[in-house]
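A.B. asks: Just one file: structure07.csv, with CSV, C-alpha atoms.
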```
chain,number,residue,atom,x,y,z
A,1,MET,CA,0.0,0.0,0.0
A,2,ILE,CA,1.3,3.5,-0.9
A,3,VAL,CA,0.6,6.2,1.6
A,4,GLN,CA,0.2,9.7,0.1
A,5,ASP,CA,1.2,12.7,2.2
A,6,THR,CA,-1.8,15.1,2.2
A,7,ARG,CA,0.1,18.0,3.7
A,8,SER,CA,1.2,20.7,1.3
A,9,ALA,CA,4.8,21.8,1.2
A,10,LEU,CA,5.6,25.1,2.7
A,11,PHE,CA,7.7,26.0,-0.3
A,12,VAL,CA,8.8,24.4,-3.5
A,13,GLN,CA,11.7,25.4,-5.8
A,14,THR,CA,12.9,23.9,-9.1
A,15,GLY,CA,16.6,23.6,-9.8
A,16,GLY,CA,19.5,21.2,-10.4
A,17,TYR,CA,20.9,18.6,-8.1
A,18,VAL,CA,23.8,16.3,-7.3
A,19,ALA,CA,23.0,13.0,-5.4
A,20,GLY,CA,25.5,10.2,-4.8
A,21,ARG,CA,28.3,8.8,-2.8
A,22,ASN,CA,30.7,11.6,-3.7
A,23,TRP,CA,31.3,14.2,-6.4
A,24,TRP,CA,32.6,11.6,-8.9
A,25,LEU,CA,30.2,8.8,-8.2
A,26,SER,CA,26.9,10.8,-8.3
A,27,MET,CA,24.0,11.6,-10.5
A,28,HIS,CA,23.9,15.2,-11.7
A,29,GLY,CA,20.8,16.8,-12.9
A,30,THR,CA,20.2,20.3,-14.4
A,31,ALA,CA,17.2,22.5,-13.9
A,32,PRO,CA,14.3,21.7,-14.3
A,33,PHE,CA,14.9,18.1,-13.3
A,34,GLY,CA,15.3,18.7,-9.6
A,35,GLN,CA,12.9,20.1,-7.0
A,36,LEU,CA,13.4,20.9,-3.4
A,37,ARG,CA,10.3,20.8,-1.2
A,38,ILE,CA,10.3,22.3,2.3
A,39,TYR,CA,8.0,20.8,4.9
A,40,ASP,CA,7.9,21.7,8.6
A,41,ASP,CA,9.3,18.2,9.5
A,42,ARG,CA,11.5,17.3,6.5
A,43,LEU,CA,13.1,18.3,3.2
A,44,VAL,CA,12.3,16.4,0.1
A,45,LEU,CA,14.6,16.4,-3.0
A,46,ARG,CA,12.8,15.2,-6.1
A,47,ALA,CA,15.3,14.1,-8.7
A,48,LEU,CA,14.9,12.4,-12.1
A,49,PHE,CA,13.5,9.0,-11.2
A,50,HIS,CA,14.2,9.4,-7.5
A,51,ARG,CA,12.7,11.0,-4.4
A,52,TYR,CA,14.9,11.6,-1.3
A,53,GLU,CA,13.3,12.3,2.0
A,54,LEU,CA,15.4,14.0,4.7
A,55,PRO,CA,13.7,14.2,8.1
A,56,ARG,CA,14.5,17.3,10.1
A,57,ASP,CA,16.1,15.2,12.9
A,58,ALA,CA,18.5,13.6,10.3
A,59,ILE,CA,19.7,16.9,8.9
A,60,GLN,CA,23.1,17.7,10.4
A,61,SER,CA,23.7,21.0,8.5
A,62,LEU,CA,22.5,23.1,5.6
A,63,SER,CA,25.3,25.1,3.9
A,64,LEU,CA,25.7,27.3,0.8
A,65,ILE,CA,28.4,26.2,-1.5
A,66,HIS,CA,29.8,28.5,-4.2
A,67,ARG,CA,31.0,27.4,-7.6
A,68,ALA,CA,32.0,29.4,-10.6
A,69,LEU,CA,28.6,30.2,-12.0
A,70,SER,CA,26.2,29.0,-9.3
A,71,ILE,CA,25.4,28.6,-5.6
A,72,GLY,CA,24.0,25.5,-4.2
A,73,LEU,CA,22.6,24.2,-0.9
A,74,ARG,CA,24.5,21.2,0.5
A,75,ILE,CA,22.5,19.0,2.9
A,76,GLU,CA,24.6,16.9,5.3
A,77,HIS,CA,22.5,14.3,6.9
A,78,THR,CA,22.2,10.9,8.6
A,79,ALA,CA,19.1,9.7,6.7
A,80,LYS,CA,19.0,6.0,5.8
A,81,ARG,CA,18.7,5.0,2.1
A,82,VAL,CA,19.7,8.6,0.9
A,83,PRO,CA,23.0,9.2,-0.9
A,84,ARG,CA,25.7,10.8,1.3
A,85,LEU,CA,26.2,13.8,-1.0
A,86,ILE,CA,23.1,15.9,-1.6
A,87,VAL,CA,23.4,19.3,-3.3
A,88,PHE,CA,20.5,21.4,-4.7
A,89,TRP,CA,21.5,24.0,-7.2
A,90,SER,CA,19.1,27.0,-6.9
A,91,SER,CA,18.4,29.8,-9.4
A,92,ASP,CA,17.3,32.0,-6.5
A,93,ILE,CA,19.3,31.1,-3.5
A,94,ASP,CA,18.3,34.1,-1.5
A,95,GLU,CA,14.6,33.2,-1.7
A,96,LEU,CA,15.4,29.5,-0.9
A,97,ARG,CA,17.5,30.5,2.1
A,98,ALA,CA,14.8,32.9,3.4
A,99,GLN,CA,12.1,30.2,3.0
A,100,LEU,CA,14.3,27.6,4.8
A,101,GLU,CA,15.0,30.0,7.7
A,102,ALA,CA,11.3,30.9,7.9
A,103,ALA,CA,10.6,27.2,8.4
A,104,ASP,CA,13.2,27.2,11.2
A,105,TYR,CA,16.0,25.5,9.3
A,106,ARG,CA,19.5,27.1,9.9
A,107,VAL,CA,21.5,27.8,6.7
A,108,VAL,CA,25.3,28.6,6.9
A,109,ASP,CA,27.1,30.5,4.2
A,110,THR,CA,30.6,28.9,4.3
A,111,ARG,CA,32.0,31.7,2.2
A,112,HIS,CA,31.7,34.1,5.1
A,113,LEU,CA,33.4,31.8,7.6
A,114,THR,CA,37.1,32.7,8.4
A,115,ASN,CA,39.8,30.7,10.1
A,116,ARG,CA,40.8,32.4,13.3
```
As C-alpha cells, how would this structure be written, given the file I've shared?

C.D. replies:
Amino acid sequence: MIVQDTRSALFVQTGGYVAGRNWWLSMHGTAPFGQLRIYDDRLVLRALFHRYELPRDAIQSLSLIHRALSIGLRIEHTAKRVPRLIVFWSSDIDELRAQLEAADYRVVDTRHLTNR
C-alpha cells in the first residue's frame, strides 16, 4: 500500500541537483529536473526517477556552496537510504534561504566563515 502525504509543502523550488556517494560517483541533474520541497518536519529532493526524504532530525547541516557560476545548498544528513552527497542548485538562493529560515532551518554560508 502506498501512503500519500496530504500535507502541502511550505515552499517548492525547481533547480538542479547532485546526489550520490561523492562528487565523482553521483547523479547530476540540471534544472528543471530537480525540485526541493520544504515541509515543517522534513526536506524532500525530487530528482529524475528518485525522491529523497530527509527528516528534520536527520539533517546535520545546511550550507551554501559556491561554484564558478552557481550557488547550491549542501544538505549533510544521517538519513538512511539517501545518498551521502546531496546538493540542490538554486536559481534564486536568496529566496530559498529565506524560506528555509522561515521554516526554522538554519543555513550557513561557508564563504563568510574565516579561520581564526

A.B. asks: Restricting the calculation to all atoms listed in the file: of A:Leu85, A:Ala79, A:Leu36, A:Leu43, which residue gets closest to Asp104 (chain A)?

C.D. replies: A:Leu43

A.B. asks: Of the residues A:Val12, A:Leu73, A:Leu62, A:Ala68, which is the one nearest to Arg46 (chain A), using all atoms listed in the file?

C.D. replies: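 Selected residue with least distance to Arg46 (chain A): A:Val12.
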
A.B. asks: So which one's closest to Ala98 (chain A), A:Ile38, A:Leu48, A:Asn22, A:Leu69? Using only C-alpha atoms, please.

C.D. replies: A:Ile38

A.B. asks: So that I can check the surroundings of Arg106 (chain A), please list as a list in words every protein, DNA and RNA residue that reaches within 9 Å of it, counting all atoms listed in the file and ignoring chain neighbours fewer than 2 positions away.

C.D. replies: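 Those residues are Ser61, Leu62, Ser63, Arg97, Leu100, Glu101, Asp104 and Val108 of chain A.
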
A.B. asks: Enter the distance from CA of Glu76 (chain A) to CA of Gly34 (chain A), in Å, rounded to one decimal.

C.D. replies: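 Those two atoms sit 17.7 Å apart.
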
A.B. asks: Between CA of Asp94 (chain A) and CA of Val107 (chain A), what is the distance in Å, rounded to a tenth?

C.D. replies: 10.8 Å

A.B. asks: From the options A:Ile93, A:Leu64, A:Ala47, A:Leu54, which residue's atoms come nearest to Met27 (chain A), counting only C-alpha atoms?

C.D. replies: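 Ranked by minimum distance to Met27 (chain A), first place goes to A:Ala47.
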
A.B. asks: From the list A:Gln13, A:Ser70, A:Thr110, A:Gln35, which residue is nearest His50 (chain A) when using all atoms listed in the file?

C.D. replies: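 Checking each candidate against His50 (chain A), we get A:Gln35 as the closest.
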
A.B. asks: As an exercise, work out the distance from CA of Val18 (chain A) to CA of Asp41 (chain A) in Å and give it to one decimal place.

C.D. replies: 22.3 Å

A.B. asks: Give me, as a ChimeraX atom specification, all polymer residues having an atom no more than 8 Å from Phe11 (chain A), counting only C-alpha atoms and skipping those fewer than 4 positions away in the same chain.

C.D. replies: /A:37-39,99

A.B. asks: Limited to C-alpha atoms, could you put the picked residues into a file as a compact mmCIF listing (two decimals), in the coordinates of the input?

C.D. replies:
```txt
# COMPACT_ATOMS: atom_id res chain seq x y z
CA ARG A 37 10.30 20.80 -1.20
CA ILE A 38 10.30 22.30 2.30
CA TYR A 39 8.00 20.80 4.90
CA GLN A 99 12.10 30.20 3.00
```

A.B. asks: When you look at Thr78 (chain A) with a cut-off of 10 Å (counting only C-alpha atoms), what residues show up, excluding the ones that are within fewer than 5 positions of it in the same chain? I need them as a count of residues only.

C.D. replies: 8

A.B. asks: Smallest atom-to-atom distance to Ala31 (chain A): which of A:Ala102, A:Ser91, A:Ile65, A:Ile86, using only C-alpha atoms?

C.D. replies: A:Ser91

A.B. asks: Complete the atoms of region 86-98 of chain A to N, CA and C atoms and put them out as a compact mmCIF listing (two decimals), in the coordinates of the input.

C.D. replies:
```
# COMPACT_ATOMS: atom_id res chain seq x y z
N ILE A 86 24.30 15.29 -1.10
CA ILE A 86 23.10 15.90 -1.60
C ILE A 86 23.34 17.40 -1.77
N VAL A 87 23.24 17.91 -3.00
CA VAL A 87 23.40 19.30 -3.30
C VAL A 87 22.20 19.74 -4.17
N PHE A 88 21.55 20.83 -3.83
CA PHE A 88 20.50 21.40 -4.70
C PHE A 88 20.99 22.70 -5.23
N TRP A 89 21.01 22.83 -6.57
CA TRP A 89 21.50 24.00 -7.20
C TRP A 89 20.25 24.93 -7.47
N SER A 90 20.28 26.12 -6.90
CA SER A 90 19.10 27.00 -6.90
C SER A 90 19.36 28.19 -7.88
N SER A 91 18.32 28.59 -8.57
CA SER A 91 18.40 29.80 -9.40
C SER A 91 18.12 31.05 -8.58
N ASP A 92 17.54 30.89 -7.40
CA ASP A 92 17.30 32.00 -6.50
C ASP A 92 17.59 31.59 -5.08
N ILE A 93 18.89 31.56 -4.78
CA ILE A 93 19.30 31.10 -3.50
C ILE A 93 18.88 31.96 -2.33
N ASP A 94 18.72 33.25 -2.58
CA ASP A 94 18.30 34.10 -1.50
C ASP A 94 16.84 33.80 -1.08
N GLU A 95 15.97 33.54 -2.05
CA GLU A 95 14.60 33.20 -1.70
C GLU A 95 14.57 31.79 -1.02
N LEU A 96 15.36 30.84 -1.52
CA LEU A 96 15.40 29.50 -0.90
C LEU A 96 15.89 29.62 0.55
N ARG A 97 16.95 30.37 0.76
CA ARG A 97 17.50 30.50 2.10
C ARG A 97 16.45 31.19 3.04
N ALA A 98 15.78 32.23 2.56
CA ALA A 98 14.80 32.90 3.40
C ALA A 98 13.62 31.95 3.73
```
